[in-house]
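The structure under discussion appears below in the form of structure tokens.
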Amino acid sequence: MRINESLSALLTLLMEQSWHPESKMVSRKRLELVEIKNYLDEHYMEKIVLDDLAERYYINKYYLTKIFKETYGSTINGYIIAKRITRAKQLLRFTDMTVDEIGNAVGMGDANYFSRTFRKVEGISPREYRKQW
């Protein structure tokens, strides 16, 4: 009886998974998302255009933005900005680079844009942040 019960539970589990072919599609898309996230992690300092990203990974840009937000809780642009600001904070703390140089190093070429974005995210300017450390 116990063997029968275990076998029945195992067969039920196998049938549940085999009856949902879209789950394979979802997992494949999630794996592509990991590749996309890794690409963003490596190339955040470059100019990244959503159309180019979608074309590179053969995925619809609207679907990409939707599943990226569902998976990581942030838009692609928000993720890139967070990555850039995190790196900028490291450079502000541990280097003597100027704010302009740091802006360029993290992919925000315009110093004013970098300062505005940094202030928006952190609540203080890059110079004030550096003084705290």
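Naming works like this for the structure tokens: A, B, ... for the chains as they're shown, residue 1 at the start of each chain, ligands 1 onward in shown order.
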### Message
Could you list, as a ChimeraX atom specification, every residue within 7 Å of Pro126 (chain A), counting only C-alpha atoms and ignoring same-chain residues fewer than 4 positions away?
### Response
/A:99,115,118,130
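Considering only C-alpha atoms, the residue among A:Leu40, A:Leu92, A:Leu33, A:Ala111 positioned nearest to Lys66 (chain A) is A:Leu33.
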### Query
Near region 105-107 of chain A, within 7 Å and counting only C-alpha atoms, which residues show up once chain neighbours fewer than 5 positions away are dropped, as a ChimeraX atom specification?
/A:44-47,84,87-88
Please produce a file of those selected residues containing N, CA and C atoms, as a PDB file, in the first residue's frame.
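So the final result, stored in again39.pdb, reads:
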ATOM      1  N   TYR A  44      27.296  47.860 -17.977  1.00  0.00           N
ATOM      2  CA  TYR A  44      26.488  48.976 -17.478  1.00  0.00           C
ATOM      3  C   TYR A  44      27.115  50.335 -17.759  1.00  0.00           C
ATOM      4  N   MET A  45      28.415  50.379 -17.948  1.00  0.00           N
ATOM      5  CA  MET A  45      29.082  51.668 -18.172  1.00  0.00           C
ATOM      6  C   MET A  45      29.000  52.128 -19.627  1.00  0.00           C
ATOM      7  N   GLU A  46      28.451  51.250 -20.482  1.00  0.00           N
ATOM      8  CA  GLU A  46      28.270  51.593 -21.887  1.00  0.00           C
ATOM      9  C   GLU A  46      26.845  52.092 -22.109  1.00  0.00           C
ATOM     10  N   LYS A  47      26.630  52.692 -23.273  1.00  0.00           N
ATOM     11  CA  LYS A  47      25.274  53.106 -23.628  1.00  0.00           C
ATOM     12  C   LYS A  47      24.497  51.858 -24.035  1.00  0.00           C
ATOM     13  N   ARG A  84      25.049  51.710 -11.820  1.00  0.00           N
ATOM     14  CA  ARG A  84      25.977  52.822 -12.020  1.00  0.00           C
ATOM     15  C   ARG A  84      26.180  53.609 -10.731  1.00  0.00           C
ATOM     16  N   ARG A  87      28.375  51.663  -8.276  1.00  0.00           N
ATOM     17  CA  ARG A  87      29.794  51.753  -8.657  1.00  0.00           C
ATOM     18  C   ARG A  87      30.347  53.144  -8.382  1.00  0.00           C
ATOM     19  N   ALA A  88      29.537  54.175  -8.643  1.00  0.00           N
ATOM     20  CA  ALA A  88      29.969  55.556  -8.381  1.00  0.00           C
ATOM     21  C   ALA A  88      30.230  55.753  -6.888  1.00  0.00           C
TER      22      ALA A  88
END
### Message
Could you list, as a PyMOL selection string, every residue within 10 Å of Asp41 (chain A), counting only C-alpha atoms and ignoring same-chain residues fewer than 3 positions away?
### Response
chain A and resi 35-38+44-45+79-80+83-84
Region 16-121 of chain A: which residues are helix (DSSP H, G or I) by DSSP, as a PDB file with N, CA and C atoms, in the first residue's frame?
ATOM      1  N   GLU A  16       1.718  16.363 -13.616  1.00  0.00           N
ATOM      2  CA  GLU A  16       1.490  17.807 -13.452  1.00  0.00           C
ATOM      3  C   GLU A  16       2.536  18.607 -14.222  1.00  0.00           C
ATOM      4  N   GLN A  17       3.778  18.176 -14.157  1.00  0.00           N
ATOM      5  CA  GLN A  17       4.832  18.905 -14.846  1.00  0.00           C
ATOM      6  C   GLN A  17       4.783  18.703 -16.354  1.00  0.00           C
ATOM      7  N   SER A  18       4.403  17.527 -16.796  1.00  0.00           N
ATOM      8  CA  SER A  18       4.371  17.275 -18.234  1.00  0.00           C
ATOM      9  C   SER A  18       3.149  17.900 -18.901  1.00  0.00           C
ATOM     10  N   GLU A  22       4.106  25.101 -21.248  1.00  0.00           N
ATOM     11  CA  GLU A  22       4.556  26.496 -21.177  1.00  0.00           C
ATOM     12  C   GLU A  22       5.570  26.710 -20.063  1.00  0.00           C
ATOM     13  N   SER A  23       5.617  25.814 -19.081  1.00  0.00           N
ATOM     14  CA  SER A  23       6.593  25.975 -18.011  1.00  0.00           C
ATOM     15  C   SER A  23       8.020  25.847 -18.548  1.00  0.00           C
ATOM     16  N   LYS A  24       8.210  25.010 -19.577  1.00  0.00           N
ATOM     17  CA  LYS A  24       9.530  24.917 -20.196  1.00  0.00           C
ATOM     18  C   LYS A  24       9.874  26.225 -20.886  1.00  0.00           C
ATOM     19  N   MET A  25       8.874  26.843 -21.517  1.00  0.00           N
ATOM     20  CA  MET A  25       9.080  28.113 -22.203  1.00  0.00           C
ATOM     21  C   MET A  25       9.446  29.197 -21.198  1.00  0.00           C
ATOM     22  N   VAL A  26       8.747  29.219 -20.079  1.00  0.00           N
ATOM     23  CA  VAL A  26       9.017  30.220 -19.057  1.00  0.00           C
ATOM     24  C   VAL A  26      10.424  30.042 -18.510  1.00  0.00           C
ATOM     25  N   SER A  27      10.814  28.815 -18.221  1.00  0.00           N
ATOM     26  CA  SER A  27      12.139  28.612 -17.655  1.00  0.00           C
ATOM     27  C   SER A  27      13.221  28.990 -18.660  1.00  0.00           C
ATOM     28  N   ARG A  28      12.973  28.740 -19.954  1.00  0.00           N
ATOM     29  CA  ARG A  28      13.956  29.142 -20.961  1.00  0.00           C
ATOM     30  C   ARG A  28      14.074  30.664 -21.010  1.00  0.00           C
ATOM     31  N   LYS A  29      12.934  31.346 -20.935  1.00  0.00           N
ATOM     32  CA  LYS A  29      12.957  32.813 -20.930  1.00  0.00           C
ATOM     33  C   LYS A  29      13.647  33.330 -19.685  1.00  0.00           C
ATOM     34  N   ARG A  30      13.428  32.681 -18.559  1.00  0.00           N
ATOM     35  CA  ARG A  30      14.092  33.103 -17.314  1.00  0.00           C
ATOM     36  C   ARG A  30      15.602  32.907 -17.421  1.00  0.00           C
ATOM     37  N   LEU A  31      16.020  31.834 -18.092  1.00  0.00           N
ATOM     38  CA  LEU A  31      17.455  31.624 -18.298  1.00  0.00           C
ATOM     39  C   LEU A  31      18.033  32.718 -19.186  1.00  0.00           C
ATOM     40  N   GLU A  32      17.259  33.124 -20.215  1.00  0.00           N
ATOM     41  CA  GLU A  32      17.717  34.230 -21.054  1.00  0.00           C
ATOM     42  C   GLU A  32      17.834  35.497 -20.237  1.00  0.00           C
ATOM     43  N   LEU A  33      16.921  35.685 -19.283  1.00  0.00           N
ATOM     44  CA  LEU A  33      16.982  36.866 -18.417  1.00  0.00           C
ATOM     45  C   LEU A  33      18.264  36.885 -17.599  1.00  0.00           C
ATOM     46  N   VAL A  34      18.697  35.737 -17.150  1.00  0.00           N
ATOM     47  CA  VAL A  34      19.956  35.675 -16.404  1.00  0.00           C
ATOM     48  C   VAL A  34      21.097  36.126 -17.302  1.00  0.00           C
ATOM     49  N   GLU A  35      21.080  35.680 -18.558  1.00  0.00           N
ATOM     50  CA  GLU A  35      22.109  36.116 -19.509  1.00  0.00           C
ATOM     51  C   GLU A  35      22.041  37.623 -19.736  1.00  0.00           C
ATOM     52  N   ILE A  36      20.836  38.147 -19.857  1.00  0.00           N
ATOM     53  CA  ILE A  36      20.662  39.587 -20.071  1.00  0.00           C
ATOM     54  C   ILE A  36      21.149  40.363 -18.859  1.00  0.00           C
ATOM     55  N   LYS A  37      20.812  39.888 -17.667  1.00  0.00           N
ATOM     56  CA  LYS A  37      21.267  40.554 -16.438  1.00  0.00           C
ATOM     57  C   LYS A  37      22.791  40.520 -16.344  1.00  0.00           C
ATOM     58  N   ASN A  38      23.382  39.387 -16.687  1.00  0.00           N
ATOM     59  CA  ASN A  38      24.843  39.290 -16.674  1.00  0.00           C
ATOM     60  C   ASN A  38      25.458  40.264 -17.675  1.00  0.00           C
ATOM     61  N   TYR A  39      24.824  40.392 -18.839  1.00  0.00           N
ATOM     62  CA  TYR A  39      25.295  41.349 -19.833  1.00  0.00           C
ATOM     63  C   TYR A  39      25.227  42.771 -19.274  1.00  0.00           C
ATOM     64  N   LEU A  40      24.121  43.103 -18.618  1.00  0.00           N
ATOM     65  CA  LEU A  40      23.973  44.437 -18.024  1.00  0.00           C
ATOM     66  C   LEU A  40      25.015  44.671 -16.938  1.00  0.00           C
ATOM     67  N   ASP A  41      25.294  43.639 -16.139  1.00  0.00           N
ATOM     68  CA  ASP A  41      26.300  43.755 -15.088  1.00  0.00           C
ATOM     69  C   ASP A  41      27.692  44.040 -15.655  1.00  0.00           C
ATOM     70  N   GLU A  42      27.987  43.480 -16.812  1.00  0.00           N
ATOM     71  CA  GLU A  42      29.303  43.659 -17.416  1.00  0.00           C
ATOM     72  C   GLU A  42      29.416  44.932 -18.249  1.00  0.00           C
ATOM     73  N   HIS A  43      28.304  45.406 -18.792  1.00  0.00           N
ATOM     74  CA  HIS A  43      28.345  46.520 -19.739  1.00  0.00           C
ATOM     75  C   HIS A  43      27.560  47.751 -19.281  1.00  0.00           C
ATOM     76  N   LEU A  50      17.444  49.726 -25.342  1.00  0.00           N
ATOM     77  CA  LEU A  50      16.520  48.603 -25.211  1.00  0.00           C
ATOM     78  C   LEU A  50      16.323  47.866 -26.528  1.00  0.00           C
ATOM     79  N   ASP A  51      16.203  48.595 -27.618  1.00  0.00           N
ATOM     80  CA  ASP A  51      16.025  47.948 -28.929  1.00  0.00           C
ATOM     81  C   ASP A  51      17.213  47.053 -29.265  1.00  0.00           C
ATOM     82  N   ASP A  52      18.425  47.532 -28.989  1.00  0.00           N
ATOM     83  CA  ASP A  52      19.625  46.734 -29.257  1.00  0.00           C
ATOM     84  C   ASP A  52      19.677  45.493 -28.369  1.00  0.00           C
ATOM     85  N   LEU A  53      19.293  45.667 -27.121  1.00  0.00           N
ATOM     86  CA  LEU A  53      19.292  44.552 -26.173  1.00  0.00           C
ATOM     87  C   LEU A  53      18.290  43.480 -26.614  1.00  0.00           C
ATOM     88  N   ALA A  54      17.104  43.924 -27.005  1.00  0.00           N
ATOM     89  CA  ALA A  54      16.076  42.982 -27.465  1.00  0.00           C
ATOM     90  C   ALA A  54      16.531  42.266 -28.735  1.00  0.00           C
ATOM     91  N   GLU A  55      17.150  42.998 -29.635  1.00  0.00           N
ATOM     92  CA  GLU A  55      17.635  42.396 -30.872  1.00  0.00           C
ATOM     93  C   GLU A  55      18.763  41.405 -30.598  1.00  0.00           C
ATOM     94  N   ARG A  56      19.638  41.756 -29.679  1.00  0.00           N
ATOM     95  CA  ARG A  56      20.777  40.898 -29.341  1.00  0.00           C
ATOM     96  C   ARG A  56      20.322  39.543 -28.805  1.00  0.00           C
ATOM     97  N   LYS A  61      10.965  43.643 -27.222  1.00  0.00           N
ATOM     98  CA  LYS A  61      11.383  44.593 -26.190  1.00  0.00           C
ATOM     99  C   LYS A  61      10.296  44.814 -25.130  1.00  0.00           C
ATOM    100  N   TYR A  62       9.029  44.749 -25.518  1.00  0.00           N
ATOM    101  CA  TYR A  62       7.948  44.942 -24.547  1.00  0.00           C
ATOM    102  C   TYR A  62       7.848  43.748 -23.604  1.00  0.00           C
ATOM    103  N   TYR A  63       7.995  42.563 -24.184  1.00  0.00           N
ATOM    104  CA  TYR A  63       7.979  41.358 -23.360  1.00  0.00           C
ATOM    105  C   TYR A  63       9.203  41.326 -22.447  1.00  0.00           C
ATOM    106  N   LEU A  64      10.346  41.733 -22.976  1.00  0.00           N
ATOM    107  CA  LEU A  64      11.567  41.780 -22.181  1.00  0.00           C
ATOM    108  C   LEU A  64      11.400  42.693 -20.970  1.00  0.00           C
ATOM    109  N   THR A  65      10.877  43.883 -21.189  1.00  0.00           N
ATOM    110  CA  THR A  65      10.703  44.808 -20.062  1.00  0.00           C
ATOM    111  C   THR A  65       9.721  44.239 -19.044  1.00  0.00           C
ATOM    112  N   LYS A  66       8.688  43.576 -19.529  1.00  0.00           N
ATOM    113  CA  LYS A  66       7.678  43.005 -18.628  1.00  0.00           C
ATOM    114  C   LYS A  66       8.268  41.906 -17.754  1.00  0.00           C
ATOM    115  N   ILE A  67       8.945  40.928 -18.371  1.00  0.00           N
ATOM    116  CA  ILE A  67       9.458  39.812 -17.573  1.00  0.00           C
ATOM    117  C   ILE A  67      10.664  40.223 -16.729  1.00  0.00           C
ATOM    118  N   PHE A  68      11.431  41.216 -17.185  1.00  0.00           N
ATOM    119  CA  PHE A  68      12.548  41.697 -16.369  1.00  0.00           C
ATOM    120  C   PHE A  68      12.003  42.320 -15.088  1.00  0.00           C
ATOM    121  N   LYS A  69      10.980  43.133 -15.221  1.00  0.00           N
ATOM    122  CA  LYS A  69      10.385  43.786 -14.048  1.00  0.00           C
ATOM    123  C   LYS A  69       9.751  42.752 -13.122  1.00  0.00           C
ATOM    124  N   GLU A  70       9.072  41.762 -13.686  1.00  0.00           N
ATOM    125  CA  GLU A  70       8.463  40.709 -12.869  1.00  0.00           C
ATOM    126  C   GLU A  70       9.514  39.911 -12.104  1.00  0.00           C
ATOM    127  N   THR A  71      10.615  39.638 -12.761  1.00  0.00           N
ATOM    128  CA  THR A  71      11.650  38.791 -12.166  1.00  0.00           C
ATOM    129  C   THR A  71      12.512  39.544 -11.159  1.00  0.00           C
ATOM    130  N   TYR A  72      12.956  40.745 -11.524  1.00  0.00           N
ATOM    131  CA  TYR A  72      13.919  41.461 -10.692  1.00  0.00           C
ATOM    132  C   TYR A  72      13.323  42.638  -9.930  1.00  0.00           C
ATOM    133  N   ILE A  76      14.591  47.780 -16.575  1.00  0.00           N
ATOM    134  CA  ILE A  76      15.957  47.623 -17.063  1.00  0.00           C
ATOM    135  C   ILE A  76      16.737  48.908 -16.837  1.00  0.00           C
ATOM    136  N   ASN A  77      16.121  50.039 -17.169  1.00  0.00           N
ATOM    137  CA  ASN A  77      16.783  51.321 -16.972  1.00  0.00           C
ATOM    138  C   ASN A  77      17.060  51.571 -15.484  1.00  0.00           C
ATOM    139  N   GLY A  78      16.105  51.258 -14.638  1.00  0.00           N
ATOM    140  CA  GLY A  78      16.302  51.411 -13.195  1.00  0.00           C
ATOM    141  C   GLY A  78      17.432  50.542 -12.685  1.00  0.00           C
ATOM    142  N   TYR A  79      17.530  49.330 -13.223  1.00  0.00           N
ATOM    143  CA  TYR A  79      18.603  48.414 -12.827  1.00  0.00           C
ATOM    144  C   TYR A  79      19.969  48.975 -13.223  1.00  0.00           C
ATOM    145  N   ILE A  80      20.045  49.495 -14.445  1.00  0.00           N
ATOM    146  CA  ILE A  80      21.311  50.055 -14.929  1.00  0.00           C
ATOM    147  C   ILE A  80      21.711  51.266 -14.080  1.00  0.00           C
ATOM    148  N   ILE A  81      20.763  52.132 -13.794  1.00  0.00           N
ATOM    149  CA  ILE A  81      21.060  53.317 -12.980  1.00  0.00           C
ATOM    150  C   ILE A  81      21.526  52.905 -11.592  1.00  0.00           C
ATOM    151  N   ALA A  82      20.852  51.938 -10.983  1.00  0.00           N
ATOM    152  CA  ALA A  82      21.263  51.464  -9.655  1.00  0.00           C
ATOM    153  C   ALA A  82      22.675  50.898  -9.693  1.00  0.00           C
ATOM    154  N   LYS A  83      22.975  50.157 -10.735  1.00  0.00           N
ATOM    155  CA  LYS A  83      24.321  49.585 -10.888  1.00  0.00           C
ATOM    156  C   LYS A  83      25.364  50.695 -11.017  1.00  0.00           C
ATOM    157  N   ARG A  84      25.049  51.710 -11.820  1.00  0.00           N
ATOM    158  CA  ARG A  84      25.977  52.822 -12.020  1.00  0.00           C
ATOM    159  C   ARG A  84      26.180  53.609 -10.731  1.00  0.00           C
ATOM    160  N   ILE A  85      25.124  53.865 -10.008  1.00  0.00           N
ATOM    161  CA  ILE A  85      25.235  54.634  -8.764  1.00  0.00           C
ATOM    162  C   ILE A  85      26.010  53.843  -7.719  1.00  0.00           C
ATOM    163  N   THR A  86      25.779  52.547  -7.651  1.00  0.00           N
ATOM    164  CA  THR A  86      26.532  51.712  -6.708  1.00  0.00           C
ATOM    165  C   THR A  86      28.028  51.772  -7.001  1.00  0.00           C
ATOM    166  N   ARG A  87      28.375  51.663  -8.276  1.00  0.00           N
ATOM    167  CA  ARG A  87      29.794  51.753  -8.657  1.00  0.00           C
ATOM    168  C   ARG A  87      30.347  53.144  -8.382  1.00  0.00           C
ATOM    169  N   ALA A  88      29.537  54.175  -8.643  1.00  0.00           N
ATOM    170  CA  ALA A  88      29.969  55.556  -8.381  1.00  0.00           C
ATOM    171  C   ALA A  88      30.230  55.753  -6.888  1.00  0.00           C
ATOM    172  N   LYS A  89      29.414  55.168  -6.051  1.00  0.00           N
ATOM    173  CA  LYS A  89      29.626  55.289  -4.604  1.00  0.00           C
ATOM    174  C   LYS A  89      30.945  54.645  -4.190  1.00  0.00           C
ATOM    175  N   GLN A  90      31.261  53.503  -4.795  1.00  0.00           N
ATOM    176  CA  GLN A  90      32.540  52.855  -4.508  1.00  0.00           C
ATOM    177  C   GLN A  90      33.701  53.760  -4.927  1.00  0.00           C
ATOM    178  N   LEU A  91      33.598  54.344  -6.121  1.00  0.00           N
ATOM    179  CA  LEU A  91      34.673  55.210  -6.615  1.00  0.00           C
ATOM    180  C   LEU A  91      34.796  56.480  -5.776  1.00  0.00           C
ATOM    181  N   LEU A  92      33.674  57.007  -5.332  1.00  0.00           N
ATOM    182  CA  LEU A  92      33.719  58.205  -4.488  1.00  0.00           C
ATOM    183  C   LEU A  92      34.404  57.909  -3.160  1.00  0.00           C
ATOM    184  N   ARG A  93      34.185  56.747  -2.622  1.00  0.00           N
ATOM    185  CA  ARG A  93      34.779  56.386  -1.338  1.00  0.00           C
ATOM    186  C   ARG A  93      36.260  56.053  -1.432  1.00  0.00           C
ATOM    187  N   PHE A  94      36.627  55.306  -2.452  1.00  0.00           N
ATOM    188  CA  PHE A  94      37.947  54.693  -2.448  1.00  0.00           C
ATOM    189  C   PHE A  94      38.937  55.248  -3.467  1.00  0.00           C
ATOM    190  N   VAL A  99      34.494  64.108  -9.682  1.00  0.00           N
ATOM    191  CA  VAL A  99      33.112  63.732  -9.942  1.00  0.00           C
ATOM    192  C   VAL A  99      32.886  63.560 -11.439  1.00  0.00           C
ATOM    193  N   ASP A 100      33.482  64.414 -12.250  1.00  0.00           N
ATOM    194  CA  ASP A 100      33.362  64.287 -13.705  1.00  0.00           C
ATOM    195  C   ASP A 100      33.949  62.960 -14.190  1.00  0.00           C
ATOM    196  N   GLU A 101      35.124  62.606 -13.689  1.00  0.00           N
ATOM    197  CA  GLU A 101      35.767  61.354 -14.085  1.00  0.00           C
ATOM    198  C   GLU A 101      34.929  60.144 -13.666  1.00  0.00           C
ATOM    199  N   ILE A 102      34.350  60.217 -12.489  1.00  0.00           N
ATOM    200  CA  ILE A 102      33.508  59.119 -12.011  1.00  0.00           C
ATOM    201  C   ILE A 102      32.266  58.997 -12.875  1.00  0.00           C
ATOM    202  N   GLY A 103      31.670  60.126 -13.220  1.00  0.00           N
ATOM    203  CA  GLY A 103      30.508  60.108 -14.105  1.00  0.00           C
ATOM    204  C   GLY A 103      30.817  59.420 -15.424  1.00  0.00           C
ATOM    205  N   ASN A 104      31.960  59.743 -16.000  1.00  0.00           N
ATOM    206  CA  ASN A 104      32.388  59.095 -17.246  1.00  0.00           C
ATOM    207  C   ASN A 104      32.661  57.604 -17.037  1.00  0.00           C
ATOM    208  N   ALA A 105      33.285  57.268 -15.916  1.00  0.00           N
ATOM    209  CA  ALA A 105      33.659  55.881 -15.645  1.00  0.00           C
ATOM    210  C   ALA A 105      32.442  54.968 -15.494  1.00  0.00           C
ATOM    211  N   ALA A 111      28.396  65.407 -16.601  1.00  0.00           N
ATOM    212  CA  ALA A 111      28.561  65.555 -15.152  1.00  0.00           C
ATOM    213  C   ALA A 111      27.283  66.053 -14.489  1.00  0.00           C
ATOM    214  N   ASN A 112      26.560  66.941 -15.163  1.00  0.00           N
ATOM    215  CA  ASN A 112      25.308  67.441 -14.579  1.00  0.00           C
ATOM    216  C   ASN A 112      24.270  66.328 -14.463  1.00  0.00           C
ATOM    217  N   TYR A 113      24.165  65.514 -15.500  1.00  0.00           N
ATOM    218  CA  TYR A 113      23.232  64.386 -15.470  1.00  0.00           C
ATOM    219  C   TYR A 113      23.617  63.417 -14.366  1.00  0.00           C
ATOM    220  N   PHE A 114      24.913  63.139 -14.243  1.00  0.00           N
ATOM    221  CA  PHE A 114      25.387  62.250 -13.190  1.00  0.00           C
ATOM    222  C   PHE A 114      25.030  62.806 -11.820  1.00  0.00           C
ATOM    223  N   SER A 115      25.305  64.075 -11.591  1.00  0.00           N
ATOM    224  CA  SER A 115      25.020  64.676 -10.284  1.00  0.00           C
ATOM    225  C   SER A 115      23.523  64.680  -9.977  1.00  0.00           C
ATOM    226  N   ARG A 116      22.702  65.017 -10.971  1.00  0.00           N
ATOM    227  CA  ARG A 116      21.247  65.018 -10.770  1.00  0.00           C
ATOM    228  C   ARG A 116      20.739  63.617 -10.447  1.00  0.00           C
ATOM    229  N   THR A 117      21.206  62.643 -11.196  1.00  0.00           N
ATOM    230  CA  THR A 117      20.769  61.264 -10.977  1.00  0.00           C
ATOM    231  C   THR A 117      21.233  60.756  -9.625  1.00  0.00           C
ATOM    232  N   PHE A 118      22.469  61.059  -9.267  1.00  0.00           N
ATOM    233  CA  PHE A 118      23.004  60.638  -7.979  1.00  0.00           C
ATOM    234  C   PHE A 118      22.177  61.250  -6.848  1.00  0.00           C
ATOM    235  N   ARG A 119      21.880  62.525  -6.964  1.00  0.00           N
ATOM    236  CA  ARG A 119      21.089  63.210  -5.934  1.00  0.00           C
ATOM    237  C   ARG A 119      19.684  62.614  -5.845  1.00  0.00           C
ATOM    238  N   LYS A 120      19.116  62.293  -6.989  1.00  0.00           N
ATOM    239  CA  LYS A 120      17.771  61.721  -7.022  1.00  0.00           C
ATOM    240  C   LYS A 120      17.734  60.364  -6.307  1.00  0.00           C
ATOM    241  N   VAL A 121      18.768  59.558  -6.532  1.00  0.00           N
ATOM    242  CA  VAL A 121      18.805  58.218  -5.954  1.00  0.00           C
ATOM    243  C   VAL A 121      19.229  58.244  -4.487  1.00  0.00           C
TER     244      VAL A 121
END
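Coordinates place CA of Glu122 (chain A) at a distance of 18.8 Å from CA of Gly109 (chain A).
Between Trp133 (chain A) and the residues A:Arg2, A:Leu10, A:Tyr58, A:Thr95, the shortest atom-to-atom distance, using only C-alpha atoms, involves A:Thr95.
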